[in-house]
Amino acid sequence: MIWPVHRIPTINTARAGGGSLFDRIDLTLYEIQGFYLGDVDKSSFSQPLWNVLHNDIEKSFLLSFSNNQYGEAAFKAFIDFWLLQDFVMDAEKEDYRIISLATSEENEKIPISENEAVFPGNISNIWWKDIVSGNISEKNKEILYDAYRKYANNLIKLILRRSERITHKWEEQYKGVNGHE
């Protein structure tokens, strides 16, 4: 993704999460969806990202994909512009709910829930310092490992699908231009 560059904080720096680990594209897209829909309770957002999404530079950037409009069509325009259709439940059926990469299985897409933890599988609200220091129970380690494995595997698959979509679009658009075949 390409995000605006200016003095911090930006979307890119705010999505890193401050005191926790949540540099997750699925959660970032979920919060961007909330920005466009405008009907999401502010308390369900990460505070740093909420503030950034509503500053003049980032708001202008996001609204540039939708003719300065809010709403479901505006969010769809953002997803379609960035070719992120694989990150939603079913774009062909107009179901633009964001997929949870930490809970979805190979053949079962699960949408992000409003109370999804910031770190994959972190249902116990384990502080990142506990994770890094290893100061967590074996059961919680297993939960985190399983969720992170799902997250990483799903993310890799979706990145590859999106790369194919980008390549296909580029080839379609530029075939025969300046010697490109």
# chains A, B, ... in the order shown; residues from 1 in each chain; ligands from 1
>>> residues_around(residues="segment 161-173 of chain A", least_positions_apart="6", cutoff="12 Å", atoms="only C-alpha atoms", output="PyMOL selection string")
chain A and resi 1+79-87+154-155+179-181
>>> write_last_selection(atoms="C-alpha atoms", output="PDB file, in the first residue's frame")
ATOM      1  CA  MET A   1       0.000   0.000   0.000  1.00  0.00           C
ATOM      2  CA  ILE A  79     -10.877  -1.594  -1.938  1.00  0.00           C
ATOM      3  CA  ASP A  80     -11.346  -1.820  -5.698  1.00  0.00           C
ATOM      4  CA  PHE A  81      -8.785   0.913  -6.440  1.00  0.00           C
ATOM      5  CA  TRP A  82      -6.107  -0.861  -4.393  1.00  0.00           C
ATOM      6  CA  LEU A  83      -7.146  -4.312  -5.708  1.00  0.00           C
ATOM      7  CA  LEU A  84      -7.808  -5.582  -2.181  1.00  0.00           C
ATOM      8  CA  GLN A  85     -10.850  -7.690  -3.087  1.00  0.00           C
ATOM      9  CA  ASP A  86      -9.250 -10.825  -1.625  1.00  0.00           C
ATOM     10  CA  PHE A  87      -9.216  -9.187   1.822  1.00  0.00           C
ATOM     11  CA  ASN A 154      -3.528 -16.171   5.125  1.00  0.00           C
ATOM     12  CA  LEU A 155      -1.570 -12.963   4.590  1.00  0.00           C
ATOM     13  CA  GLY A 179       7.160  -2.506 -26.479  1.00  0.00           C
ATOM     14  CA  HIS A 180       5.512  -4.183 -23.446  1.00  0.00           C
ATOM     15  CA  GLU A 181       4.081  -7.581 -24.327  1.00  0.00           C
TER      16      GLU A 181
END
>>> select_by_dssp(residues="segment 3-170 of chain A", states="helix (DSSP H, G or I)", output="ChimeraX atom specification")
/A:11-14,25-37,42-44,47-53,56-63,72-81,85-87,91-93,128-133,138-170
>>> residues_around(residues="Phe61 of chain A", least_positions_apart="6", cutoff="10 Å", atoms="only C-alpha atoms", output="number ranges by chain")
A: 3-4, 53, 68
>>> select_by_dssp(residues="segment 6-165 of chain A", states="strand (DSSP E or B)", output="ChimeraX atom specification")
/A:88-90,95-99,105,108,111
>>> closest_residue(among="A:Ile136, A:Ile11, A:Val5, A:Leu101", to="Ser113 of chain A", atoms="only C-alpha atoms")
A:Leu101
>>> closest_residue(among="A:Ile57, A:Ala74, A:Leu144, A:Ile110", to="Phe35 of chain A", atoms="only C-alpha atoms")
A:Ala74
>>> atom_distance(atom1="atom CA of Leu63 of chain A", atom2="atom CA of Tyr36 of chain A")
8.3 Å
>>> closest_residue(among="A:Thr10, A:Gln33, A:Ser100, A:Ser133", to="Asp56 of chain A", atoms="only C-alpha atoms")
A:Thr10
>>> closest_residue(among="A:Asp146, A:Glu72, A:Asp26, A:Asp130", to="Val88 of chain A", atoms="only C-alpha atoms")
A:Asp26
>>> residues_around(residues="Glu31 of chain A", least_positions_apart="4", cutoff="8 Å", atoms="only C-alpha atoms", output="list in words")
Leu27, Phe35, Phe45, Leu49 and Trp50 of chain A
>>> write_last_selection(atoms="C-alpha atoms", output="PDB file, in the first residue's frame")
ATOM      1  CA  LEU A  27      -7.430  -4.573  11.287  1.00  0.00           C
ATOM      2  CA  PHE A  35     -13.958   5.634   8.716  1.00  0.00           C
ATOM      3  CA  PHE A  45     -10.915   1.833  17.081  1.00  0.00           C
ATOM      4  CA  LEU A  49      -5.398   5.296  14.125  1.00  0.00           C
ATOM      5  CA  TRP A  50      -8.776   6.964  14.768  1.00  0.00           C
TER       6      TRP A  50
END
>>> atom_distance(atom1="atom CA of His6 of chain A", atom2="atom CA of Pro48 of chain A")
15.7 Å
>>> residues_around(residues="Pro111 of chain A", least_positions_apart="6", cutoff="7 Å", atoms="only C-alpha atoms", output="PyMOL selection string")
chain A and resi 89+97-100
>>> residues_around(residues="Ala152 of chain A", least_positions_apart="4", cutoff="12 Å", atoms="only C-alpha atoms", output="MDAnalysis selection string")
chainID A and resid 24:26 100:105 119:120 144:148 156:159
>>> write_last_selection(atoms="N, CA and C atoms", output="PDB file, in the first residue's frame")
ATOM      1  N   ARG A  24      -1.432  -5.066  11.662  1.00  0.00           N
ATOM      2  CA  ARG A  24      -2.191  -6.025  10.860  1.00  0.00           C
ATOM      3  C   ARG A  24      -2.975  -5.294   9.784  1.00  0.00           C
ATOM      4  N   ILE A  25      -2.805  -5.725   8.535  1.00  0.00           N
ATOM      5  CA  ILE A  25      -3.521  -5.091   7.438  1.00  0.00           C
ATOM      6  C   ILE A  25      -5.017  -5.323   7.557  1.00  0.00           C
ATOM      7  N   ASP A  26      -5.445  -6.470   8.078  1.00  0.00           N
ATOM      8  CA  ASP A  26      -6.886  -6.714   8.187  1.00  0.00           C
ATOM      9  C   ASP A  26      -7.530  -5.754   9.187  1.00  0.00           C
ATOM     10  N   SER A 100     -10.942 -11.741   8.800  1.00  0.00           N
ATOM     11  CA  SER A 100      -9.974 -11.850   9.894  1.00  0.00           C
ATOM     12  C   SER A 100      -8.898 -12.838   9.472  1.00  0.00           C
ATOM     13  N   LEU A 101      -7.704 -12.346   9.296  1.00  0.00           N
ATOM     14  CA  LEU A 101      -6.614 -13.230   8.880  1.00  0.00           C
ATOM     15  C   LEU A 101      -6.122 -14.114  10.017  1.00  0.00           C
ATOM     16  N   ALA A 102      -6.451 -13.764  11.252  1.00  0.00           N
ATOM     17  CA  ALA A 102      -5.992 -14.542  12.403  1.00  0.00           C
ATOM     18  C   ALA A 102      -6.955 -15.658  12.781  1.00  0.00           C
ATOM     19  N   THR A 103      -8.195 -15.617  12.284  1.00  0.00           N
ATOM     20  CA  THR A 103      -9.158 -16.659  12.664  1.00  0.00           C
ATOM     21  C   THR A 103      -9.681 -17.457  11.471  1.00  0.00           C
ATOM     22  N   SER A 104      -9.528 -16.956  10.264  1.00  0.00           N
ATOM     23  CA  SER A 104     -10.015 -17.670   9.087  1.00  0.00           C
ATOM     24  C   SER A 104      -9.173 -18.905   8.824  1.00  0.00           C
ATOM     25  N   GLU A 105      -9.846 -19.924   8.341  1.00  0.00           N
ATOM     26  CA  GLU A 105      -9.173 -21.174   7.959  1.00  0.00           C
ATOM     27  C   GLU A 105      -9.022 -21.208   6.443  1.00  0.00           C
ATOM     28  N   PHE A 119      -3.570  -8.368  18.481  1.00  0.00           N
ATOM     29  CA  PHE A 119      -2.533  -9.289  18.053  1.00  0.00           C
ATOM     30  C   PHE A 119      -3.193 -10.624  17.754  1.00  0.00           C
ATOM     31  N   PRO A 120      -2.816 -11.312  16.688  1.00  0.00           N
ATOM     32  CA  PRO A 120      -3.500 -12.554  16.335  1.00  0.00           C
ATOM     33  C   PRO A 120      -3.662 -13.501  17.520  1.00  0.00           C
ATOM     34  N   LEU A 144      -1.607 -18.206  20.764  1.00  0.00           N
ATOM     35  CA  LEU A 144      -0.938 -17.175  19.979  1.00  0.00           C
ATOM     36  C   LEU A 144      -0.234 -17.756  18.756  1.00  0.00           C
ATOM     37  N   TYR A 145       0.438 -18.886  18.948  1.00  0.00           N
ATOM     38  CA  TYR A 145       1.148 -19.511  17.837  1.00  0.00           C
ATOM     39  C   TYR A 145       0.163 -19.907  16.735  1.00  0.00           C
ATOM     40  N   ASP A 146      -0.940 -20.549  17.113  1.00  0.00           N
ATOM     41  CA  ASP A 146      -1.925 -20.989  16.125  1.00  0.00           C
ATOM     42  C   ASP A 146      -2.512 -19.799  15.372  1.00  0.00           C
ATOM     43  N   ALA A 147      -2.876 -18.758  16.099  1.00  0.00           N
ATOM     44  CA  ALA A 147      -3.463 -17.576  15.460  1.00  0.00           C
ATOM     45  C   ALA A 147      -2.436 -16.878  14.570  1.00  0.00           C
ATOM     46  N   TYR A 148      -1.198 -16.789  15.035  1.00  0.00           N
ATOM     47  CA  TYR A 148      -0.188 -16.121  14.226  1.00  0.00           C
ATOM     48  C   TYR A 148       0.122 -16.934  12.975  1.00  0.00           C
ATOM     49  N   ILE A 156       0.108 -14.272   3.443  1.00  0.00           N
ATOM     50  CA  ILE A 156       0.954 -14.646   2.299  1.00  0.00           C
ATOM     51  C   ILE A 156       0.092 -15.009   1.095  1.00  0.00           C
ATOM     52  N   LYS A 157      -0.941 -15.819   1.310  1.00  0.00           N
ATOM     53  CA  LYS A 157      -1.824 -16.211   0.200  1.00  0.00           C
ATOM     54  C   LYS A 157      -2.513 -15.000  -0.420  1.00  0.00           C
ATOM     55  N   LEU A 158      -2.994 -14.091   0.424  1.00  0.00           N
ATOM     56  CA  LEU A 158      -3.701 -12.928  -0.103  1.00  0.00           C
ATOM     57  C   LEU A 158      -2.762 -11.968  -0.816  1.00  0.00           C
ATOM     58  N   ILE A 159      -1.546 -11.830  -0.314  1.00  0.00           N
ATOM     59  CA  ILE A 159      -0.558 -10.983  -0.997  1.00  0.00           C
ATOM     60  C   ILE A 159      -0.241 -11.557  -2.372  1.00  0.00           C
TER      61      ILE A 159
END
